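Student: I'm passing along query_1.csv; it holds CSV, C-alpha atoms.
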chain,number,residue,atom,x,y,z
S,45,MET,CA,0.0,0.0,0.0
S,46,GLU,CA,2.8,2.4,0.8
S,47,ASP,CA,4.5,1.6,-2.5
S,48,ASN,CA,1.3,2.4,-4.3
S,49,SER,CA,0.8,5.7,-2.5
S,50,GLU,CA,4.3,6.8,-3.3
S,51,THR,CA,4.2,5.9,-7.0
S,52,SER,CA,0.7,7.0,-7.8
S,53,PRO,CA,1.5,10.8,-7.9
S,54,GLN,CA,4.3,10.2,-10.5
S,55,PRO,CA,2.0,9.8,-13.5
S,56,SER,CA,0.2,13.0,-12.7
S,57,VAL,CA,3.4,14.9,-12.3
S,58,SER,CA,4.9,13.5,-15.4
S,59,SER,CA,1.8,14.3,-17.4
S,60,ALA,CA,1.8,17.9,-16.2
S,61,GLU,CA,5.4,18.5,-17.3
S,62,PRO,CA,4.8,18.4,-21.1
S,63,SER,CA,2.0,21.1,-20.8
S,64,LEU,CA,4.4,23.4,-19.0
S,65,ASN,CA,7.1,22.8,-21.6
S,66,ALA,CA,4.6,23.4,-24.4
S,67,SER,CA,3.5,26.8,-23.1
S,68,ALA,CA,7.1,28.2,-22.9
S,69,PRO,CA,7.5,28.7,-26.7
S,70,ASP,CA,4.0,30.4,-26.7
S,71,VAL,CA,5.0,32.8,-24.0
S,72,LYS,CA,8.3,33.5,-25.8
S,73,GLN,CA,6.5,34.1,-29.2
S,74,LYS,CA,4.0,36.4,-27.5
S,75,SER,CA,6.9,38.3,-26.0
S,76,ILE,CA,8.6,38.7,-29.4
S,77,ILE,CA,5.3,39.9,-31.0
S,78,ARG,CA,4.7,42.3,-28.2
S,79,GLU,CA,8.3,43.7,-28.6
S,80,TYR,CA,7.8,44.2,-32.3
S,81,ALA,CA,4.4,45.8,-31.8
S,82,GLU,CA,5.9,48.2,-29.3
S,83,SER,CA,8.8,49.1,-31.6
S,84,ILE,CA,6.4,49.7,-34.5
S,85,ILE,CA,4.1,51.9,-32.4
S,86,ILE,CA,7.0,53.9,-31.1
S,87,ALA,CA,8.4,54.4,-34.6
S,88,LEU,CA,5.0,55.5,-35.9
S,89,LEU,CA,4.6,58.0,-33.0
S,90,LEU,CA,8.1,59.4,-33.6
S,91,ALA,CA,7.4,59.6,-37.4
S,92,LEU,CA,4.1,61.4,-36.6
S,93,VAL,CA,5.9,63.9,-34.2
S,94,ILE,CA,8.7,64.5,-36.7
S,95,ARG,CA,6.2,65.0,-39.6
S,96,THR,CA,3.9,67.3,-37.6
S,97,TYR,CA,6.4,69.4,-35.7
S,98,LEU,CA,9.9,69.1,-37.3
S,99,VAL,CA,10.4,68.0,-40.9
S,100,GLN,CA,8.1,67.0,-43.7
S,101,ALA,CA,8.7,65.6,-47.1
S,102,PHE,CA,7.1,67.1,-50.2
S,103,LYS,CA,7.2,66.4,-54.0
S,104,ILE,CA,7.2,69.0,-56.7
S,105,PRO,CA,4.3,68.3,-59.2
S,106,SER,CA,4.5,71.4,-61.4
S,107,GLY,CA,7.0,73.8,-63.1
S,108,SER,CA,6.0,77.0,-61.4
S,109,MET,CA,9.3,77.2,-59.4
S,110,GLU,CA,11.7,76.3,-62.3
S,111,ASP,CA,14.6,76.4,-62.6
S,112,THR,CA,15.0,76.4,-58.8
S,113,LEU,CA,12.8,73.4,-58.4
S,114,ALA,CA,12.0,70.9,-61.1
S,115,ILE,CA,9.1,68.5,-61.5
S,116,GLY,CA,10.0,65.4,-59.7
S,117,ASP,CA,12.1,67.0,-57.0
S,118,HIS,CA,11.6,65.7,-53.5
S,119,LEU,CA,12.1,68.2,-50.7
S,120,LEU,CA,12.4,68.4,-47.0
S,121,VAL,CA,10.6,71.3,-45.3
S,122,ASN,CA,11.7,72.7,-41.9
S,123,LYS,CA,8.4,73.0,-40.0
S,124,PHE,CA,9.8,74.5,-36.7
S,125,ILE,CA,11.8,77.5,-37.9
S,126,TYR,CA,8.6,79.6,-38.1
S,127,GLY,CA,7.3,78.2,-34.9
S,128,THR,CA,5.7,74.9,-34.0
S,129,LYS,CA,2.0,75.1,-34.7
S,130,LEU,CA,-0.2,73.7,-32.0
S,131,PRO,CA,-2.8,71.1,-33.0
S,132,PHE,CA,-6.3,72.5,-33.6
S,133,SER,CA,-5.0,76.0,-33.1
S,134,ASP,CA,-3.4,78.9,-35.1
S,135,LYS,CA,-0.9,79.6,-32.3
S,136,ARG,CA,2.8,78.8,-32.6
S,137,LEU,CA,5.4,78.1,-30.0
S,138,LEU,CA,9.2,78.5,-30.1
S,139,THR,CA,9.4,80.6,-33.2
S,140,LEU,CA,13.0,81.0,-34.4
S,141,ARG,CA,12.2,83.7,-36.9
S,142,ASP,CA,9.5,85.0,-39.2
S,143,PRO,CA,9.5,84.3,-43.0
S,144,ARG,CA,11.8,86.6,-44.9
S,145,ARG,CA,11.9,88.0,-48.4
S,146,GLY,CA,13.5,85.3,-50.6
S,147,ASP,CA,12.5,82.3,-48.5
S,148,VAL,CA,11.0,79.4,-50.4
S,149,ILE,CA,8.1,78.2,-48.4
S,150,VAL,CA,5.3,75.6,-48.4
S,151,PHE,CA,1.8,76.8,-47.5
S,152,GLU,CA,-1.9,75.9,-47.8
S,153,TYR,CA,-3.3,77.2,-51.1
S,154,PRO,CA,-5.7,79.9,-50.0
S,155,GLU,CA,-8.4,78.9,-52.5
S,156,ASP,CA,-8.2,75.2,-51.6
S,157,PRO,CA,-6.6,74.4,-48.2
S,158,SER,CA,-6.4,70.7,-49.1
S,159,LYS,CA,-3.6,71.6,-51.5
S,160,ASP,CA,-0.1,72.6,-50.7
S,161,PHE,CA,1.7,75.2,-52.8
S,162,ILE,CA,5.4,76.2,-52.8
S,163,LYS,CA,6.5,79.7,-53.8
S,164,ARG,CA,9.1,82.4,-52.9
S,165,VAL,CA,8.3,85.2,-50.4
S,166,ILE,CA,8.4,88.5,-52.3
S,167,GLY,CA,6.6,90.8,-49.9
S,168,THR,CA,6.4,90.7,-46.1
S,169,PRO,CA,3.9,92.5,-43.8
S,170,GLY,CA,3.8,96.3,-44.7
S,171,ASP,CA,5.7,96.0,-48.0
S,172,VAL,CA,4.3,97.6,-51.1
S,173,VAL,CA,4.7,95.3,-54.1
S,174,GLU,CA,4.2,96.2,-57.7
S,175,GLY,CA,4.9,94.7,-61.1
S,176,LYS,CA,5.7,96.7,-64.2
S,177,ASP,CA,6.3,94.8,-67.5
S,178,LYS,CA,7.8,91.7,-65.8
S,179,LYS,CA,9.9,93.7,-63.3
S,180,VAL,CA,9.0,93.5,-59.7
S,181,PHE,CA,9.4,96.4,-57.3
S,182,VAL,CA,9.2,96.3,-53.5
S,183,ASN,CA,8.8,99.5,-51.6
S,184,GLY,CA,9.6,101.4,-54.8
S,185,LYS,CA,12.9,99.6,-55.5
S,186,PRO,CA,13.6,96.9,-58.0
S,187,TYR,CA,13.5,93.4,-56.4
S,188,GLU,CA,16.4,91.4,-57.9
S,189,ASN,CA,15.9,87.7,-57.6
S,190,PRO,CA,18.7,85.8,-59.2
S,191,HIS,CA,16.6,82.7,-59.4
S,192,GLU,CA,13.7,84.1,-61.4
S,193,VAL,CA,13.2,83.1,-65.1
S,194,HIS,CA,11.0,84.3,-67.9
S,195,LYS,CA,10.2,81.7,-70.5
S,196,GLU,CA,7.8,83.9,-72.6
S,197,LYS,CA,8.9,87.0,-74.3
S,198,ASP,CA,5.5,88.6,-74.7
S,199,VAL,CA,4.3,91.2,-72.2
S,200,VAL,CA,0.7,90.8,-71.1
S,201,PRO,CA,-1.2,94.1,-70.6
S,202,LYS,CA,-2.6,94.7,-67.1
S,203,GLU,CA,-6.1,94.9,-68.5
S,204,MET,CA,-5.9,91.2,-69.6
S,205,ASN,CA,-4.4,89.7,-66.4
S,206,PRO,CA,-1.8,90.6,-63.7
S,207,ARG,CA,1.0,88.3,-64.8
S,208,ASP,CA,3.4,91.0,-66.0
S,209,THR,CA,1.9,94.2,-64.5
S,210,PHE,CA,0.1,94.5,-61.2
S,211,GLY,CA,-0.4,96.6,-58.1
S,212,PRO,CA,0.8,98.4,-56.3
S,213,VAL,CA,-0.5,96.4,-53.3
S,214,THR,CA,0.3,96.7,-49.7
S,215,VAL,CA,0.9,93.4,-47.8
S,216,PRO,CA,-1.5,93.2,-44.8
S,217,PRO,CA,-0.3,92.3,-41.2
S,218,ASN,CA,0.5,88.6,-40.7
S,219,SER,CA,0.4,88.1,-44.5
S,220,TYR,CA,2.9,87.5,-47.3
S,221,PHE,CA,3.0,88.1,-51.1
S,222,MET,CA,4.2,85.0,-52.9
S,223,MET,CA,5.6,84.4,-56.4
S,224,GLY,CA,7.0,81.5,-58.4
S,225,ASP,CA,10.5,81.7,-59.8
S,226,ASN,CA,9.1,80.7,-63.2
S,227,ARG,CA,7.4,84.0,-63.4
S,228,ASP,CA,5.5,83.6,-66.7
S,229,ARG,CA,4.1,80.2,-65.7
S,230,SER,CA,3.2,80.6,-62.0
S,231,TYR,CA,-0.2,81.0,-60.5
S,232,ASP,CA,0.5,83.0,-57.3
S,233,SER,CA,-0.3,86.1,-55.3
S,234,ARG,CA,-0.5,88.2,-58.4
S,235,PHE,CA,-3.8,86.3,-59.1
S,236,TRP,CA,-5.2,85.1,-55.8
S,237,GLY,CA,-3.8,87.5,-53.2
S,238,PHE,CA,-1.9,87.1,-50.0
S,239,VAL,CA,-1.0,84.1,-47.8
S,240,SER,CA,-1.8,84.5,-44.1
S,241,ARG,CA,0.8,83.5,-41.5
S,242,ASP,CA,-1.3,80.6,-40.1
S,243,LYS,CA,-1.4,78.9,-43.5
S,244,ILE,CA,2.4,78.6,-43.8
S,245,LYS,CA,3.8,75.1,-43.2
S,246,GLY,CA,7.5,75.6,-43.3
S,247,LEU,CA,10.8,76.5,-45.1
S,248,ALA,CA,12.0,74.3,-48.0
S,249,PHE,CA,15.7,73.7,-47.4
S,250,ILE,CA,17.1,70.6,-49.2
S,251,LYS,CA,16.4,68.2,-52.1
S,252,TYR,CA,16.8,64.7,-50.9
S,253,TRP,CA,15.7,63.0,-54.2
S,254,SER,CA,15.0,64.0,-57.8
S,255,TRP,CA,13.5,62.0,-60.6
S,256,ASP,CA,13.5,63.0,-64.3
S,257,LYS,CA,10.4,61.2,-65.7
S,258,ASP,CA,11.2,62.3,-69.3
S,259,LYS,CA,14.7,60.7,-69.2
S,260,PHE,CA,13.6,58.0,-66.7
S,261,ARG,CA,16.5,58.5,-64.4
S,262,PRO,CA,17.6,60.3,-61.2
S,263,ARG,CA,19.0,63.8,-61.3
S,264,PHE,CA,22.1,63.0,-59.3
S,265,GLY,CA,23.3,66.6,-59.4
S,266,SER,CA,20.2,67.8,-57.5
S,267,ILE,CA,20.2,65.2,-54.7
S,268,GLY,CA,21.4,66.8,-51.5
S,269,LYS,CA,21.3,70.3,-53.0
S,270,LEU,CA,20.3,73.1,-50.7
S,271,ILE,CA,17.4,75.3,-51.7
S,272,ASN,CA,18.0,79.1,-51.7
Show me, as structure tokens, the structure contained in the file I just sent.
Tutor:
Amino acid sequence: MEDNSETSPQPSVSSAEPSLNASAPDVKQKSIIREYAESIIIALLLALVIRTYLVQAFKIPSGSMEDTLAIGDHLLVNKFIYGTKLPFSDKRLLTLRDPRRGDVIVFEYPEDPSKDFIKRVIGTPGDVVEGKDKKVFVNGKPYENPHEVHKEKDVVPKEMNPRDTFGPVTVPPNSYFMMGDNRDRSYDSRFWGFVSRDKIKGLAFIKYWSWDKDKFRPRFGSIGKLIN
């Protein structure tokens, strides 16, 4: 009887051991999955923070900023230099500086905020901007932009449209007058007015990639080039 009582627990113990061993890989697998999930979530959160507050990538779809920016250029935009915009608010924190004349900036298109435009700042708050036969004047003085190009020789009369002759107009407070470097083929402040400060997303500062779809190859000379 004693022998039976001593040996009877053995089968139950031995039968329990395989179940414990079988659960160990499951626990380890769950731990690995959890670790990957946490890493992915953290990476997504970091990407969201970077995109929202620090740097965002944009692609150039049109030729309005040629020859500074070509169709197929991919840019990085500094979103904190003009101040970090708080979510669901027009307020900005930690502003390093305000937009300056000559800055190339990305902003919400005033006539359709779902679209992003990129142009060069020509007039800052209080400036008087005027165009005369393709020449731009700011506060009565010629504005010399070494990056501007004119690809059409004809001069359009002011009565037809403001492409070549416009103004003078005074830039309101907290607003900016924007123009494309490809002056004859840019739809900008000459046509639709000013860009308010709260619509500005950031300063374009570098090309990180560029693809020439016509030649079906990268523009290696543009990759890593600073935007000025």
Student: Provide the CA of Ser266 in chain S to CA of Tyr126 in chain S distance in Å, to one decimal place.
Tutor: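 Taking CA of Ser266 in chain S and CA of Tyr126 in chain S, their separation equals 25.5 Å.
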Student: Expressed in Å to a single decimal, how great is the separation between CA of Asp208 in chain S and CA of Ala114 in chain S?
Tutor: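 Spanning CA of Asp208 in chain S to CA of Ala114 in chain S is a straight-line distance of 22.4 Å.
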Student: Need the shell around range 175-186 of chain S: protein/DNA/RNA residues with any atom at most 9 Å away, counting all atoms listed in the file. Skip same-chain ones fewer than 4 positions apart. Format as number ranges by chain?
Tutor: S: 166-167, 171, 194, 199-202, 206-212, 227-228, 234
Student: Report as an NGL selection string all protein, DNA and RNA residues lying within 9 Å of Ser106 in chain S, evaluated on all atoms listed in the file, omitting residues in the same chain fewer than 3 positions from it.
Tutor: :S and (109-110 or 114-116)
Student: Return the single residue from S:Arg263, S:Asp225, S:Ile271, S:Ile244 that is closest to Asp134 in chain S, with distances computed using all atoms listed in the file.
Tutor: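 The closest residue to Asp134 in chain S is S:Ile244.
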Student: What does the structure give for the distance between CA of Pro217 in chain S and CA of Lys129 in chain S, in Å to one decimal?
Tutor: 18.5 Å
Student: Return the single residue from S:Pro190, S:Gly146, S:Pro154, S:Pro216 that is closest to Gly170 in chain S, with distances computed using only C-alpha atoms.
Tutor: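 Nearest candidate to Gly170 in chain S out of S:Pro190, S:Gly146, S:Pro154, S:Pro216: S:Pro216.
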Student: With only C-alpha atoms as the basis for distance, which of S:Ile85, S:Val239, S:Leu247, S:Val213 is at the shortest distance from Leu140 in chain S?
Tutor: S:Leu247
Student: Can you tell me, as number ranges by chain, what residues are no more than 8 Å from Trp253 in chain S when counting all atoms listed in the file, ignoring any on the same chain fewer than 6 positions away?
Tutor: S: 117-119, 262-263, 266-268
Student: Nearest to Glu192 in chain S: which of S:Ile84, S:Ser133, S:Arg141, S:Ser108 is it, counting all atoms listed in the file?
Tutor: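 Closest candidate: S:Ser108.
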Student: Neighbourhood query: residues within 8 Å of (-0.9, 89.1, -45.4), file coordinates, counting only C-alpha atoms; return as number ranges by chain.
Tutor: S: 168-169, 215-221, 238-241
Student: Which residue is closest to Asp232 in chain S? Choose from S:Leu120, S:Asp142, S:Ile125, S:Phe151 and count all atoms listed in the file.
Tutor: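 Closest candidate: S:Phe151.
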Student: Compare S:Gln73, S:Asn122, S:Thr112, S:Ser83 by their minimum atom-to-atom distance to Gly246 in chain S, counting only C-alpha atoms, and give me the closest one.
Tutor: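 Result for the nearest residue to Gly246 in chain S: S:Asn122.
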Student: Would you save range 65-196 of chain S to a file, keeping C-alpha atoms, as a compact mmCIF listing (two decimals), in the first residue's frame?
Tutor:
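Output (out26.txt):
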# COMPACT_ATOMS: atom_id res chain seq x y z
CA ASN S 65 7.13 22.85 -21.61
CA ALA S 66 4.63 23.37 -24.43
CA SER S 67 3.53 26.77 -23.08
CA ALA S 68 7.07 28.18 -22.91
CA PRO S 69 7.45 28.72 -26.69
CA ASP S 70 4.02 30.37 -26.75
CA VAL S 71 5.04 32.81 -24.02
CA LYS S 72 8.31 33.52 -25.84
CA GLN S 73 6.48 34.06 -29.15
CA LYS S 74 4.00 36.43 -27.51
CA SER S 75 6.91 38.33 -25.97
CA ILE S 76 8.57 38.73 -29.38
CA ILE S 77 5.31 39.86 -31.01
CA ARG S 78 4.72 42.35 -28.23
CA GLU S 79 8.28 43.66 -28.57
CA TYR S 80 7.85 44.16 -32.34
CA ALA S 81 4.44 45.80 -31.83
CA GLU S 82 5.85 48.23 -29.27
CA SER S 83 8.77 49.08 -31.57
CA ILE S 84 6.42 49.72 -34.50
CA ILE S 85 4.11 51.89 -32.39
CA ILE S 86 7.03 53.94 -31.06
CA ALA S 87 8.42 54.35 -34.58
CA LEU S 88 5.01 55.49 -35.86
CA LEU S 89 4.64 57.96 -33.01
CA LEU S 90 8.13 59.35 -33.63
CA ALA S 91 7.39 59.64 -37.36
CA LEU S 92 4.14 61.45 -36.58
CA VAL S 93 5.87 63.88 -34.22
CA ILE S 94 8.68 64.53 -36.73
CA ARG S 95 6.22 65.04 -39.60
CA THR S 96 3.93 67.26 -37.57
CA TYR S 97 6.43 69.43 -35.74
CA LEU S 98 9.91 69.10 -37.26
CA VAL S 99 10.40 68.03 -40.87
CA GLN S 100 8.06 66.96 -43.66
CA ALA S 101 8.73 65.64 -47.14
CA PHE S 102 7.09 67.12 -50.24
CA LYS S 103 7.19 66.38 -53.96
CA ILE S 104 7.16 69.02 -56.73
CA PRO S 105 4.33 68.31 -59.23
CA SER S 106 4.54 71.41 -61.44
CA GLY S 107 7.04 73.77 -63.06
CA SER S 108 6.04 77.04 -61.36
CA MET S 109 9.34 77.17 -59.43
CA GLU S 110 11.67 76.28 -62.31
CA ASP S 111 14.58 76.40 -62.56
CA THR S 112 15.03 76.41 -58.78
CA LEU S 113 12.80 73.37 -58.39
CA ALA S 114 12.01 70.88 -61.14
CA ILE S 115 9.08 68.53 -61.54
CA GLY S 116 10.02 65.36 -59.68
CA ASP S 117 12.14 67.04 -57.01
CA HIS S 118 11.56 65.70 -53.50
CA LEU S 119 12.13 68.21 -50.70
CA LEU S 120 12.44 68.38 -46.96
CA VAL S 121 10.63 71.25 -45.27
CA ASN S 122 11.66 72.71 -41.92
CA LYS S 123 8.41 73.03 -39.95
CA PHE S 124 9.75 74.47 -36.71
CA ILE S 125 11.78 77.46 -37.93
CA TYR S 126 8.65 79.63 -38.13
CA GLY S 127 7.31 78.21 -34.87
CA THR S 128 5.67 74.92 -33.96
CA LYS S 129 1.98 75.09 -34.74
CA LEU S 130 -0.21 73.71 -31.97
CA PRO S 131 -2.83 71.12 -33.00
CA PHE S 132 -6.35 72.51 -33.56
CA SER S 133 -5.01 76.04 -33.10
CA ASP S 134 -3.38 78.86 -35.08
CA LYS S 135 -0.92 79.58 -32.27
CA ARG S 136 2.78 78.83 -32.65
CA LEU S 137 5.45 78.14 -30.05
CA LEU S 138 9.24 78.46 -30.08
CA THR S 139 9.42 80.64 -33.18
CA LEU S 140 13.02 80.95 -34.38
CA ARG S 141 12.24 83.67 -36.93
CA ASP S 142 9.54 85.02 -39.22
CA PRO S 143 9.46 84.35 -42.97
CA ARG S 144 11.84 86.62 -44.88
CA ARG S 145 11.88 87.95 -48.40
CA GLY S 146 13.49 85.31 -50.57
CA ASP S 147 12.45 82.31 -48.47
CA VAL S 148 11.01 79.37 -50.41
CA ILE S 149 8.07 78.16 -48.36
CA VAL S 150 5.29 75.58 -48.45
CA PHE S 151 1.80 76.77 -47.54
CA GLU S 152 -1.86 75.88 -47.85
CA TYR S 153 -3.29 77.16 -51.10
CA PRO S 154 -5.72 79.95 -50.04
CA GLU S 155 -8.40 78.92 -52.54
CA ASP S 156 -8.22 75.22 -51.59
CA PRO S 157 -6.57 74.44 -48.21
CA SER S 158 -6.43 70.74 -49.08
CA LYS S 159 -3.63 71.55 -51.55
CA ASP S 160 -0.08 72.61 -50.69
CA PHE S 161 1.74 75.23 -52.79
CA ILE S 162 5.39 76.20 -52.82
CA LYS S 163 6.54 79.71 -53.79
CA ARG S 164 9.09 82.37 -52.89
CA VAL S 165 8.35 85.18 -50.43
CA ILE S 166 8.42 88.52 -52.26
CA GLY S 167 6.55 90.80 -49.88
CA THR S 168 6.42 90.72 -46.07
CA PRO S 169 3.90 92.54 -43.84
CA GLY S 170 3.81 96.25 -44.66
CA ASP S 171 5.70 95.95 -47.97
CA VAL S 172 4.34 97.63 -51.08
CA VAL S 173 4.69 95.26 -54.06
CA GLU S 174 4.24 96.24 -57.69
CA GLY S 175 4.91 94.70 -61.10
CA LYS S 176 5.75 96.67 -64.24
CA ASP S 177 6.34 94.84 -67.53
CA LYS S 178 7.76 91.71 -65.83
CA LYS S 179 9.87 93.68 -63.35
CA VAL S 180 8.99 93.52 -59.66
CA PHE S 181 9.36 96.45 -57.27
CA VAL S 182 9.23 96.25 -53.48
CA ASN S 183 8.80 99.52 -51.60
CA GLY S 184 9.61 101.42 -54.77
CA LYS S 185 12.90 99.62 -55.45
CA PRO S 186 13.58 96.88 -58.02
CA TYR S 187 13.54 93.44 -56.43
CA GLU S 188 16.41 91.44 -57.86
CA ASN S 189 15.89 87.70 -57.59
CA PRO S 190 18.75 85.76 -59.22
CA HIS S 191 16.56 82.67 -59.44
CA GLU S 192 13.67 84.11 -61.45
CA VAL S 193 13.25 83.12 -65.09
CA HIS S 194 11.02 84.35 -67.91
CA LYS S 195 10.19 81.74 -70.53
CA GLU S 196 7.80 83.86 -72.57
